[in-house]
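K.L.:
Sharing a structure below in structure tokens format, with a few things to ask.
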Amino acid sequence: MNFKSKYKEYNESIVPDGKFINELADKMDCARTSQNKKITINKYVIYTAALFIIAGGLFFTLDRNNYLSEDMPIYEESSESNRFELKGGNVTEDKGITEKNYFSDNNWYNENTETADLPKVLASRLYDNTDMDKLYVSEEEVFDDMIASEEEIKELSSLVNLAEVADESEEPVSPVYYMAVFKNGDIVKFTVWNNCFITINGVNALYIIK
Amino acid sequence: MQDVPAAELLGMYSEIVYRLAYSRTQNRHDAEDITQDVFLKYIKSAPRFNCEEHRKAWLLKVTVNASKSLVTSAWVRRRANIDDAENMKVDFSQKNELYYTVIKLPQKYRIVVHLFYYEQLSVLQISELLNRKESTIKSQLFRARKMLRKLLEEEQYEL
């Protein structure tokens with residue numbers, strides 16, 4: 001028996017529902033109509049903006065010519081006052097990204113936190129918009145540019161919040177890898193296994209979503 | 001290339017997109033969601049194509065990405081177990097023994113098997129579509145075949 005022909009036969013039996021396709025065709029027609037309207041409106045906006053830019057450019061050129069014709073005061077580039085300004089001000093020192101922020105797995109929670117409470121800490125950090133920056137998702141341990149949406153982060157956060165230390169364990173299969181990057185530079189890598197188990201890098205525990 | 005009306009486009013490609021999405025999600029509702037997303041994205045982004053093959057490749061690529069996003073979504077993964085059980089009742093009559101074999105494969109292998117055996121794409125085309133190295137696709141196909149061979153041992157399938 002040939003697998004290829006059998007697989008083809010199996011696939012031919014998978015057909016989308018006719019009603020669904022008809023509804024989708026209607027939605028596509030509606031979307032196309034509104035898309036065309038948007039394009040027309042955008043064209044007008046672009047033309048108007050272009051006119052304003054040209055008018056603004058003309059006005060600026062004319063105004064600049066008038067300005068240059070007036071007597072201008074002369075300043076020495078490296079004057080003392082300039083140097084003083086450069087030294088002063090409120091410019092904060094850019095410390096850059098420290099190795100500690102990016103390569104440590106255990107500075108994202110308070111040292112006194114119990115292992116059992118770590119999922120809750122992680123969940124609350126994921127949930128907090130002011131703390132959470134990006135959540136990378138991947139089916140392999142290498143992360144590309146796939147980022148979870150805000151809605152997905154909230155859903156994941158509510159699941160992680162339910163995690164407890166597991167008494168049982170299963171063979172770890174079907175992993176989904178996550179890398180949470182927080183605004184303060186903390187990075188937490190964790191993995192969801194079999195849809196219900198969680199492991200957090202740097203934490204020696206297996207959690208189960210109950 | 002001139003754009004085609006929605007109904008015509010769906011007539012040409014809806015089954016291809018739907019089957020690819022289904023191969024990944026093994027769930028009718030998710031496959032419909034993905035199909036809808038792909039075709040609405042098609043309208044929204046209004047891409048230009050050189051030929052029909054180009055259009056098909058674009059649709060396959062967007063389907064792969066949409067399926068990937070859906071499958072890795074925490075919520076979907078959480079409810080997948082519950083839905084699968086219900087979904088199986090609905091689709092039971094249409095599934096032959098291959099369904100139960102293919103569903104046992106890991107998701108990343110299912111899509112490679114589908115593109116290779118059903119869409120009949122080459123390893124190079126699959127690697128471009130999935131943004132994976134050719135050698136990765138080869139080894140994934142090898143592993144998938146090995147698993148299938150084991151799973152289909154009793155059926156005497158020729159792979």
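All residue names refer to the structure tokens as shown: chains lettered A, B, ... in order, residues numbered from 1 in each chain, ligands numbered from 1 in order.
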Show which residues sit within 10 Å of A:Asp117, as a list of chain:residue names. Count only C-alpha atoms, and ignore same-chain residues fewer than 3 positions away.
P.N.:
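The residues satisfying every condition are A:Thr113, A:Glu114, A:Lys120, A:Val121, A:Leu122, A:Asn161, A:Ala163, A:Glu164, A:Val165.
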K.L.:
Compile the contact shell of B:Glu119 as a count of residues only: residues with an atom at most 10 Å away, counting only C-alpha atoms, same-chain residues fewer than 3 positions apart removed.
P.N.:
11
K.L.:
So which residues touch B:Lys56 within 12 Å, counting only C-alpha atoms, skipping near sequence neighbours fewer than 5 positions away, as a list in words?
P.N.:
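Using only C-alpha atoms, the neighbours found are Leu9, Leu10, Met12, Tyr13, Ser14, Glu15, Ile16, Val17, Val38, Phe39, Tyr42, Pro47, Arg48, Phe49, Asn50, Cys51, Lys61, Val62, Thr63, Glu119, Leu121 and Leu129 of chain B.
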K.L.:
Output N, CA, C and O atoms for every residue in that selection, as a PDB file, in the first residue's frame.
P.N.:
ATOM      1  N   LEU B   9     -11.071  33.071  -6.140  1.00  0.00           N
ATOM      2  CA  LEU B   9      -9.840  32.812  -5.382  1.00  0.00           C
ATOM      3  C   LEU B   9     -10.059  31.690  -4.369  1.00  0.00           C
ATOM      4  O   LEU B   9      -9.230  30.786  -4.230  1.00  0.00           O
ATOM      5  N   LEU B  10     -11.199  31.750  -3.699  1.00  0.00           N
ATOM      6  CA  LEU B  10     -11.511  30.705  -2.713  1.00  0.00           C
ATOM      7  C   LEU B  10     -11.694  29.360  -3.397  1.00  0.00           C
ATOM      8  O   LEU B  10     -11.282  28.320  -2.870  1.00  0.00           O
ATOM      9  N   MET B  12     -10.149  28.384  -5.949  1.00  0.00           N
ATOM     10  CA  MET B  12      -8.824  27.887  -6.359  1.00  0.00           C
ATOM     11  C   MET B  12      -7.988  27.422  -5.169  1.00  0.00           C
ATOM     12  O   MET B  12      -7.264  26.436  -5.259  1.00  0.00           O
ATOM     13  N   TYR B  13      -8.077  28.156  -4.065  1.00  0.00           N
ATOM     14  CA  TYR B  13      -7.088  27.917  -3.004  1.00  0.00           C
ATOM     15  C   TYR B  13      -7.641  27.582  -1.605  1.00  0.00           C
ATOM     16  O   TYR B  13      -6.858  27.258  -0.727  1.00  0.00           O
ATOM     17  N   SER B  14      -8.952  27.713  -1.415  1.00  0.00           N
ATOM     18  CA  SER B  14      -9.449  27.522  -0.035  1.00  0.00           C
ATOM     19  C   SER B  14      -9.122  26.132   0.500  1.00  0.00           C
ATOM     20  O   SER B  14      -8.771  25.962   1.666  1.00  0.00           O
ATOM     21  N   GLU B  15      -9.231  25.110  -0.370  1.00  0.00           N
ATOM     22  CA  GLU B  15      -8.988  23.742   0.110  1.00  0.00           C
ATOM     23  C   GLU B  15      -7.511  23.534   0.459  1.00  0.00           C
ATOM     24  O   GLU B  15      -7.182  22.888   1.458  1.00  0.00           O
ATOM     25  N   ILE B  16      -6.646  24.099  -0.365  1.00  0.00           N
ATOM     26  CA  ILE B  16      -5.195  23.972  -0.107  1.00  0.00           C
ATOM     27  C   ILE B  16      -4.852  24.597   1.245  1.00  0.00           C
ATOM     28  O   ILE B  16      -4.167  23.994   2.069  1.00  0.00           O
ATOM     29  N   VAL B  17      -5.351  25.823   1.458  1.00  0.00           N
ATOM     30  CA  VAL B  17      -5.070  26.544   2.701  1.00  0.00           C
ATOM     31  C   VAL B  17      -5.682  25.805   3.887  1.00  0.00           C
ATOM     32  O   VAL B  17      -5.034  25.589   4.911  1.00  0.00           O
ATOM     33  N   VAL B  38      -6.019  34.084   6.712  1.00  0.00           N
ATOM     34  CA  VAL B  38      -5.134  34.115   5.541  1.00  0.00           C
ATOM     35  C   VAL B  38      -5.780  34.904   4.401  1.00  0.00           C
ATOM     36  O   VAL B  38      -5.157  35.800   3.813  1.00  0.00           O
ATOM     37  N   PHE B  39      -7.058  34.616   4.122  1.00  0.00           N
ATOM     38  CA  PHE B  39      -7.685  35.277   2.978  1.00  0.00           C
ATOM     39  C   PHE B  39      -7.993  36.754   3.261  1.00  0.00           C
ATOM     40  O   PHE B  39      -7.928  37.586   2.352  1.00  0.00           O
ATOM     41  N   TYR B  42      -4.862  38.511   2.773  1.00  0.00           N
ATOM     42  CA  TYR B  42      -4.622  38.622   1.330  1.00  0.00           C
ATOM     43  C   TYR B  42      -5.271  39.910   0.791  1.00  0.00           C
ATOM     44  O   TYR B  42      -4.667  40.665   0.042  1.00  0.00           O
ATOM     45  N   PRO B  47      -1.123  41.765  -2.098  1.00  0.00           N
ATOM     46  CA  PRO B  47       0.207  41.526  -2.677  1.00  0.00           C
ATOM     47  C   PRO B  47       0.165  41.384  -4.200  1.00  0.00           C
ATOM     48  O   PRO B  47      -0.878  41.052  -4.769  1.00  0.00           O
ATOM     49  N   ARG B  48       1.298  41.654  -4.817  1.00  0.00           N
ATOM     50  CA  ARG B  48       1.389  41.516  -6.295  1.00  0.00           C
ATOM     51  C   ARG B  48       2.155  40.231  -6.603  1.00  0.00           C
ATOM     52  O   ARG B  48       3.156  39.943  -5.971  1.00  0.00           O
ATOM     53  N   PHE B  49       1.686  39.502  -7.600  1.00  0.00           N
ATOM     54  CA  PHE B  49       2.326  38.236  -7.938  1.00  0.00           C
ATOM     55  C   PHE B  49       2.751  38.194  -9.406  1.00  0.00           C
ATOM     56  O   PHE B  49       2.100  38.781 -10.259  1.00  0.00           O
ATOM     57  N   ASN B  50       3.838  37.443  -9.637  1.00  0.00           N
ATOM     58  CA  ASN B  50       4.323  37.288 -11.016  1.00  0.00           C
ATOM     59  C   ASN B  50       3.557  36.192 -11.732  1.00  0.00           C
ATOM     60  O   ASN B  50       3.331  36.243 -12.934  1.00  0.00           O
ATOM     61  N   CYS B  51       3.204  35.162 -10.994  1.00  0.00           N
ATOM     62  CA  CYS B  51       2.531  34.020 -11.604  1.00  0.00           C
ATOM     63  C   CYS B  51       1.672  33.312 -10.551  1.00  0.00           C
ATOM     64  O   CYS B  51       1.708  33.665  -9.371  1.00  0.00           O
ATOM     65  N   LYS B  61       2.779  30.183   2.639  1.00  0.00           N
ATOM     66  CA  LYS B  61       3.662  30.800   3.648  1.00  0.00           C
ATOM     67  C   LYS B  61       2.843  31.474   4.755  1.00  0.00           C
ATOM     68  O   LYS B  61       3.122  31.295   5.944  1.00  0.00           O
ATOM     69  N   VAL B  62       1.839  32.241   4.327  1.00  0.00           N
ATOM     70  CA  VAL B  62       1.009  32.946   5.310  1.00  0.00           C
ATOM     71  C   VAL B  62       0.230  31.934   6.164  1.00  0.00           C
ATOM     72  O   VAL B  62       0.058  32.124   7.370  1.00  0.00           O
ATOM     73  N   THR B  63      -0.197  30.840   5.532  1.00  0.00           N
ATOM     74  CA  THR B  63      -0.921  29.801   6.284  1.00  0.00           C
ATOM     75  C   THR B  63      -0.007  29.178   7.340  1.00  0.00           C
ATOM     76  O   THR B  63      -0.422  28.970   8.486  1.00  0.00           O
ATOM     77  N   GLU B 119       1.415  18.385  -0.898  1.00  0.00           N
ATOM     78  CA  GLU B 119       1.690  19.490  -1.822  1.00  0.00           C
ATOM     79  C   GLU B 119       2.825  19.148  -2.775  1.00  0.00           C
ATOM     80  O   GLU B 119       3.070  19.864  -3.742  1.00  0.00           O
ATOM     81  N   LEU B 121       5.999  19.368  -2.511  1.00  0.00           N
ATOM     82  CA  LEU B 121       7.073  20.359  -2.611  1.00  0.00           C
ATOM     83  C   LEU B 121       8.413  19.665  -2.378  1.00  0.00           C
ATOM     84  O   LEU B 121       8.481  18.639  -1.694  1.00  0.00           O
ATOM     85  N   LEU B 129       9.947  27.826   2.642  1.00  0.00           N
ATOM     86  CA  LEU B 129       8.624  28.138   3.167  1.00  0.00           C
ATOM     87  C   LEU B 129       8.598  28.202   4.691  1.00  0.00           C
ATOM     88  O   LEU B 129       7.957  29.063   5.286  1.00  0.00           O
TER      89      LEU B 129
END
K.L.:
If you count only C-alpha atoms, which residues fall within 8 Å of stretch 26-36 of chain B, apart from same-chain ones fewer than 5 positions away, as a ChimeraX atom specification?
P.N.:
/A:16,20,24 /B:14,17-19,21,63,66-67,70,83-84,87,103
K.L.:
Grab the residues selected above and save them as a PDB file, in the first residue's frame with N, CA, C and O atoms.
P.N.:
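Printed below is out.pdb as written:
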ATOM      1  N   PRO A  16     -13.353  22.208   3.510  1.00  0.00           N
ATOM      2  CA  PRO A  16     -14.013  23.218   4.349  1.00  0.00           C
ATOM      3  C   PRO A  16     -15.523  23.226   4.115  1.00  0.00           C
ATOM      4  O   PRO A  16     -15.983  22.875   3.013  1.00  0.00           O
ATOM      5  N   PHE A  20     -19.258  28.071   5.335  1.00  0.00           N
ATOM      6  CA  PHE A  20     -18.127  28.869   5.822  1.00  0.00           C
ATOM      7  C   PHE A  20     -17.464  29.589   4.646  1.00  0.00           C
ATOM      8  O   PHE A  20     -17.137  30.781   4.732  1.00  0.00           O
ATOM      9  N   LEU A  24     -17.141  33.531   4.006  1.00  0.00           N
ATOM     10  CA  LEU A  24     -15.801  34.113   3.863  1.00  0.00           C
ATOM     11  C   LEU A  24     -15.711  34.955   2.584  1.00  0.00           C
ATOM     12  O   LEU A  24     -15.108  36.041   2.588  1.00  0.00           O
TER      13      LEU A  24
ATOM     14  N   SER B  14      -8.952  27.713  -1.415  1.00  0.00           N
ATOM     15  CA  SER B  14      -9.449  27.522  -0.035  1.00  0.00           C
ATOM     16  C   SER B  14      -9.122  26.132   0.500  1.00  0.00           C
ATOM     17  O   SER B  14      -8.771  25.962   1.666  1.00  0.00           O
ATOM     18  N   VAL B  17      -5.351  25.823   1.458  1.00  0.00           N
ATOM     19  CA  VAL B  17      -5.070  26.544   2.701  1.00  0.00           C
ATOM     20  C   VAL B  17      -5.682  25.805   3.887  1.00  0.00           C
ATOM     21  O   VAL B  17      -5.034  25.589   4.911  1.00  0.00           O
ATOM     22  N   TYR B  18      -6.925  25.389   3.713  1.00  0.00           N
ATOM     23  CA  TYR B  18      -7.649  24.723   4.803  1.00  0.00           C
ATOM     24  C   TYR B  18      -6.961  23.407   5.188  1.00  0.00           C
ATOM     25  O   TYR B  18      -6.781  23.113   6.377  1.00  0.00           O
ATOM     26  N   ARG B  19      -6.548  22.629   4.195  1.00  0.00           N
ATOM     27  CA  ARG B  19      -5.911  21.331   4.490  1.00  0.00           C
ATOM     28  C   ARG B  19      -4.564  21.511   5.183  1.00  0.00           C
ATOM     29  O   ARG B  19      -4.214  20.746   6.083  1.00  0.00           O
ATOM     30  N   ALA B  21      -3.736  24.068   7.064  1.00  0.00           N
ATOM     31  CA  ALA B  21      -4.043  24.509   8.433  1.00  0.00           C
ATOM     32  C   ALA B  21      -4.514  23.326   9.269  1.00  0.00           C
ATOM     33  O   ALA B  21      -4.134  23.183  10.434  1.00  0.00           O
ATOM     34  N   THR B  63      -0.197  30.840   5.532  1.00  0.00           N
ATOM     35  CA  THR B  63      -0.921  29.801   6.284  1.00  0.00           C
ATOM     36  C   THR B  63      -0.007  29.178   7.340  1.00  0.00           C
ATOM     37  O   THR B  63      -0.422  28.970   8.486  1.00  0.00           O
ATOM     38  N   ALA B  66       0.391  31.710  10.111  1.00  0.00           N
ATOM     39  CA  ALA B  66      -0.844  31.855  10.903  1.00  0.00           C
ATOM     40  C   ALA B  66      -1.058  30.626  11.780  1.00  0.00           C
ATOM     41  O   ALA B  66      -1.460  30.747  12.937  1.00  0.00           O
ATOM     42  N   SER B  67      -0.767  29.446  11.243  1.00  0.00           N
ATOM     43  CA  SER B  67      -0.945  28.206  12.022  1.00  0.00           C
ATOM     44  C   SER B  67       0.021  28.193  13.192  1.00  0.00           C
ATOM     45  O   SER B  67      -0.336  27.790  14.298  1.00  0.00           O
ATOM     46  N   LEU B  70      -1.165  30.441  15.929  1.00  0.00           N
ATOM     47  CA  LEU B  70      -2.313  29.880  16.633  1.00  0.00           C
ATOM     48  C   LEU B  70      -1.897  28.717  17.522  1.00  0.00           C
ATOM     49  O   LEU B  70      -2.320  28.614  18.666  1.00  0.00           O
ATOM     50  N   ASP B  83     -11.019  20.417  23.162  1.00  0.00           N
ATOM     51  CA  ASP B  83     -11.612  20.516  21.829  1.00  0.00           C
ATOM     52  C   ASP B  83     -11.384  19.269  21.002  1.00  0.00           C
ATOM     53  O   ASP B  83     -12.252  18.857  20.255  1.00  0.00           O
ATOM     54  N   ASP B  84     -10.198  18.708  21.098  1.00  0.00           N
ATOM     55  CA  ASP B  84      -9.884  17.540  20.279  1.00  0.00           C
ATOM     56  C   ASP B  84     -10.889  16.426  20.507  1.00  0.00           C
ATOM     57  O   ASP B  84     -11.351  15.788  19.575  1.00  0.00           O
ATOM     58  N   ASN B  87     -14.069  17.451  18.862  1.00  0.00           N
ATOM     59  CA  ASN B  87     -13.876  17.506  17.424  1.00  0.00           C
ATOM     60  C   ASN B  87     -13.849  16.121  16.794  1.00  0.00           C
ATOM     61  O   ASN B  87     -14.369  15.901  15.711  1.00  0.00           O
ATOM     62  N   ILE B 103      -1.839  12.184  13.493  1.00  0.00           N
ATOM     63  CA  ILE B 103      -2.027  13.044  14.681  1.00  0.00           C
ATOM     64  C   ILE B 103      -1.001  12.718  15.774  1.00  0.00           C
ATOM     65  O   ILE B 103      -0.696  13.543  16.628  1.00  0.00           O
TER      66      ILE B 103
END
K.L.:
Please, which residues of stretch 122-187 of chain A, numbered as in this document, come out strand (DSSP E) from DSSP, as a PyMOL selection string?
P.N.:
chain A and resi 132-138+163-165+176-182+187
K.L.:
Please identify all residues of chain A having at least one atom at most 7 Å from any atom of chain B, considering only C-alpha atoms, and return them as an mmCIF file with N, CA, C and O atoms, in the first residue's frame.
P.N.:
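Here's the written file out38.cif:
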data_model
loop_
_atom_site.group_PDB
_atom_site.id
_atom_site.type_symbol
_atom_site.label_atom_id
_atom_site.label_comp_id
_atom_site.auth_asym_id
_atom_site.auth_seq_id
_atom_site.Cartn_x
_atom_site.Cartn_y
_atom_site.Cartn_z
ATOM 1 N N MET A 1 0.851 -1.190 0.000
ATOM 2 C CA MET A 1 0.000 0.000 0.000
ATOM 3 C C MET A 1 0.891 1.246 0.000
ATOM 4 O O MET A 1 1.871 1.283 0.730
ATOM 5 N N ASN A 2 0.550 2.232 -0.819
ATOM 6 C CA ASN A 2 1.385 3.421 -0.927
ATOM 7 C C ASN A 2 0.907 4.520 0.021
ATOM 8 O O ASN A 2 -0.246 4.935 -0.031
ATOM 9 N N PHE A 3 1.831 4.977 0.866
ATOM 10 C CA PHE A 3 1.470 5.990 1.861
ATOM 11 C C PHE A 3 1.036 7.294 1.192
ATOM 12 O O PHE A 3 0.042 7.909 1.588
ATOM 13 N N LYS A 4 1.774 7.656 0.130
ATOM 14 C CA LYS A 4 1.519 8.926 -0.550
ATOM 15 C C LYS A 4 0.077 8.991 -1.071
ATOM 16 O O LYS A 4 -0.630 9.977 -0.863
ATOM 17 N N LYS A 8 -2.979 11.229 0.318
ATOM 18 C CA LYS A 8 -3.680 12.144 -0.576
ATOM 19 C C LYS A 8 -5.194 11.907 -0.462
ATOM 20 O O LYS A 8 -5.978 12.846 -0.341
ATOM 21 N N TYR A 10 -6.748 10.655 2.012
ATOM 22 C CA TYR A 10 -7.187 11.134 3.328
ATOM 23 C C TYR A 10 -7.398 12.649 3.308
ATOM 24 O O TYR A 10 -8.394 13.168 3.802
ATOM 25 N N ASN A 11 -6.470 13.364 2.642
ATOM 26 C CA ASN A 11 -6.576 14.815 2.589
ATOM 27 C C ASN A 11 -7.745 15.294 1.738
ATOM 28 O O ASN A 11 -8.342 16.325 2.023
ATOM 29 N N SER A 13 -10.483 14.089 1.625
ATOM 30 C CA SER A 13 -11.729 13.997 2.414
ATOM 31 C C SER A 13 -11.885 15.188 3.361
ATOM 32 O O SER A 13 -12.941 15.401 3.934
ATOM 33 N N ILE A 14 -10.801 15.961 3.515
ATOM 34 C CA ILE A 14 -10.882 17.136 4.403
ATOM 35 C C ILE A 14 -11.244 18.354 3.561
ATOM 36 O O ILE A 14 -10.416 18.879 2.826
ATOM 37 N N VAL A 15 -12.481 18.750 3.645
ATOM 38 C CA VAL A 15 -12.919 19.914 2.858
ATOM 39 C C VAL A 15 -13.580 20.935 3.786
ATOM 40 O O VAL A 15 -14.274 20.561 4.728
ATOM 41 N N PRO A 16 -13.353 22.208 3.510
ATOM 42 C CA PRO A 16 -14.013 23.218 4.349
ATOM 43 C C PRO A 16 -15.523 23.226 4.115
ATOM 44 O O PRO A 16 -15.983 22.875 3.013
ATOM 45 N N LEU A 24 -17.141 33.531 4.006
ATOM 46 C CA LEU A 24 -15.801 34.113 3.863
ATOM 47 C C LEU A 24 -15.711 34.955 2.584
ATOM 48 O O LEU A 24 -15.108 36.041 2.588
ATOM 49 N N ALA A 25 -16.344 34.457 1.513
ATOM 50 C CA ALA A 25 -16.335 35.209 0.245
ATOM 51 C C ALA A 25 -17.004 36.571 0.452
ATOM 52 O O ALA A 25 -16.501 37.600 -0.030
ATOM 53 N N MET A 28 -14.697 38.801 2.411
ATOM 54 C CA MET A 28 -13.588 39.278 1.571
ATOM 55 C C MET A 28 -14.046 40.405 0.656
ATOM 56 O O MET A 28 -13.313 41.374 0.449
ATOM 57 N N ASP A 29 -15.272 40.264 0.106
ATOM 58 C CA ASP A 29 -15.795 41.328 -0.755
ATOM 59 C C ASP A 29 -15.946 42.627 0.029
ATOM 60 O O ASP A 29 -15.590 43.697 -0.457
ATOM 61 N N ALA A 31 -14.344 43.461 2.773
ATOM 62 C CA ALA A 31 -13.001 43.955 3.124
ATOM 63 C C ALA A 31 -12.366 44.650 1.927
ATOM 64 O O ALA A 31 -11.717 45.686 2.070
ATOM 65 N N ARG A 32 -12.577 44.063 0.742
ATOM 66 C CA ARG A 32 -11.976 44.650 -0.469
ATOM 67 C C ARG A 32 -12.587 46.021 -0.753
ATOM 68 O O ARG A 32 -11.881 46.969 -1.089
ATOM 69 N N GLN A 35 -11.277 48.436 1.708
ATOM 70 C CA GLN A 35 -9.854 48.640 1.413
ATOM 71 C C GLN A 35 -9.691 49.647 0.272
ATOM 72 O O GLN A 35 -8.870 50.558 0.349
ATOM 73 N N VAL A 137 7.948 33.609 21.531
ATOM 74 C CA VAL A 137 7.380 32.258 21.567
ATOM 75 C C VAL A 137 8.021 31.439 20.467
ATOM 76 O O VAL A 137 8.252 31.939 19.365
ATOM 77 N N GLU A 152 -2.479 37.420 24.274
ATOM 78 C CA GLU A 152 -1.881 36.107 24.534
ATOM 79 C C GLU A 152 -1.069 36.114 25.833
ATOM 80 O O GLU A 152 -1.069 35.147 26.584
ATOM 81 N N GLU A 155 -3.433 35.849 28.678
ATOM 82 C CA GLU A 155 -3.947 34.480 28.814
ATOM 83 C C GLU A 155 -2.894 33.575 29.443
ATOM 84 O O GLU A 155 -3.187 32.791 30.349
ATOM 85 N N LEU A 156 -1.669 33.710 28.936
ATOM 86 C CA LEU A 156 -0.586 32.880 29.460
ATOM 87 C C LEU A 156 -0.354 33.193 30.939
ATOM 88 O O LEU A 156 -0.162 32.290 31.750
ATOM 89 N N SER A 174 6.047 17.855 23.356
ATOM 90 C CA SER A 174 5.377 19.047 22.807
ATOM 91 C C SER A 174 5.743 20.326 23.558
ATOM 92 O O SER A 174 4.884 20.998 24.119
ATOM 93 N N VAL A 176 6.654 24.196 24.254
ATOM 94 C CA VAL A 176 6.567 25.537 23.660
ATOM 95 C C VAL A 176 7.466 26.406 24.526
ATOM 96 O O VAL A 176 7.306 26.463 25.739
ATOM 97 N N ASN A 195 1.233 20.764 27.239
ATOM 98 C CA ASN A 195 0.148 21.732 27.472
ATOM 99 C C ASN A 195 -0.090 22.048 28.949
ATOM 100 O O ASN A 195 -0.938 22.874 29.267
#
